[in-house]
Amino acid sequence: MTEAPALPPPARSDAPVGSAWHKMWLFIAILLFVQAPTSSESAAEQKKALNPETLMNVSQIVCHRGYPSEEYEVLTRDGYYIRLNRIPHGREKPNSRGAKPVVFLQHGIFGEGSHWVENLANNSLGFILADSGYDVWLGNSRGTSWSRRHQHLSADQVEFWDFSFHEMAMYDLPAAIDFVLQKTGQKQLHYVGYSQGCTIAFIAFSSMPELAQKVKMFFALAPVVTAKHARSPLMKLLSLLDKNLKMIPVRDYSIPFCPKTHWFWRRDHAQTQPLGLSDLGYVSLQTRLDVYTSHYPDSTSVKNVVHWAQVVKSGEFKAFDYGSENPAVYQQDTPPLYRVEEMPVPTAVWSGGEDWAADWRDVRLLLPRIAHLITYTHIPDWNHWDFVWGLDAPGRLYSSILRLMEGSW
């Protein structure tokens with residue numbers, strides 16, 4: 001297994017939580033929980049009309065579409081068990097028993113593995129890849145509904161939630177990729193990341209050369225590394241949150257954030273506008289919205305959210321900032337910067353012109369830092385959700401991914 005650099009344990013504090021932090025956390029919670037079902041009767045009416053996948057986990061969705069499904073738990077070097085879902089081949093049994101090229105798909109923040117299989121089979125990247133002859137693996141980051149086990153900790157303990165996207169990069173990805181390659185007998189795989197799934201790849205592949213050698217090509221969909229131009233209300237909220245960070249004891253970063261909420265099922269076309277979902281199209285929202293929102297948002301740690309607040313505020317892509325505790329953690333006063341320039345993996349990048357989270361201007365700033373940029377494609381009318389849920393994604397994105405994969409294998 002690829003060795004990740006050992007990190008000193010984070011500093012702890014027993015100081016009381018500042019009232020400003022409580023107010024900010026409450027404000028975020030209110031934003032997330034508005035427009036909940038108003039009565040049990042209306043909720044029951046909605047439940048009758050739900051798509052069956054709404055109440056399914058990743059494996060059940062895969063099986064529901066007629067595909068083979070496998071599920072594994074992988075132990076990371078720091079004691080977390082992460083869940084991997086596998087679609088070993090398409091709906092038709094493969095004619096050859098030989099090894100198949102491998103693709104690993106990694107979701108973004110507040111997401112989980114089902115993102116890649118939530119549309120119909122001809123519109124979901126996970127199924128399209130399986131039908132095209134690939135051995136498809138879906139990652140589930142620590143803290144999501146399917147990755148909440150630890151060797152020694154319970155998810156009820158604050159210590160369990162002491163992680164951000166840094167640990168996902170340095171521990172989850174090496175463990176997952178090594179397991180997949182060992183299981184499939186392959187030496188390399190293709191990696192497709194979406195949003196934060198790109199973030200952790202840039203960190204992991206630039207920090208661990210041995211791991212980077214195991215990745216044939218990196219497909220970066222709506223990558224977020226810095227967020228100087230992000231217009232997302234959530235990103236702006238994170239910027240405000242950063243003002244209160246010094247009032248938050250380090251230990252209180254280590255709690256869960258945004259558990260799964262099924263109340264989204266009642267949202268209609270007009271109500272989804274603030275989330276940017278309306279740009280997916282009226283038909284998509286009316287027919288699949290319950291599936292999307294029953295699996296999104298999922299959970300992560302407060303520390304992960306705070307880490308993103310630091311990135312948004314500073315405009316720098318760097319490790320978690322512990323303030324006065326940095327010298328004890330990093331042996332320097334400021335967190336180390338992530339060296340994207342040192343990533344040796346051939347990389348293809350896509351951005352959306354209406355993407356308020358991975359703003360195309362931030363993506364353009366990232367491009368010169370990618371040493372082995374293969375191609376860059378900008379889709380002017382796409383927002384952040386179109387990369388995984390857009391009904392036109394097969395023709396405008398997935399077909400390009402397949403062409404690049406077929407040309408490199």
# chains A, B, ... in the order shown; residues from 1 in each chain; ligands from 1
$ select_by_dssp --residues "segment 337-393 of chain A" --states "strand (DSSP E)" --output "list in words"
Thr347, Ala348, Val349, Trp350, Ser351, Gly352, Leu373, Ile374, Thr375, Tyr376, Thr377, His378 and Ile379 of chain A
$ closest_atom_pairs --of "segment 280-315 of chain A" --to "segment 337-347 of chain A" --cutoff "12 Å" --atoms "only C-alpha atoms" --output "tab-separated table"
residue	atom	partner	partner_atom	distance
A:Val311	CA	A:Leu337	CA	10.8
A:Ser314	CA	A:Leu337	CA	11.6
A:Gly315	CA	A:Leu337	CA	11.3
$ closest_residue --among "A:Asn51, A:Asn326, A:Asn123, A:Asn304" --to "Asp392 of chain A" --atoms "only C-alpha atoms"
A:Asn123
$ residues_around --residues "Gly133 of chain A" --least-positions-apart "5" --cutoff "8 Å" --atoms "only C-alpha atoms" --output "PyMOL selection string"
chain A and resi 89-90+94+100-101
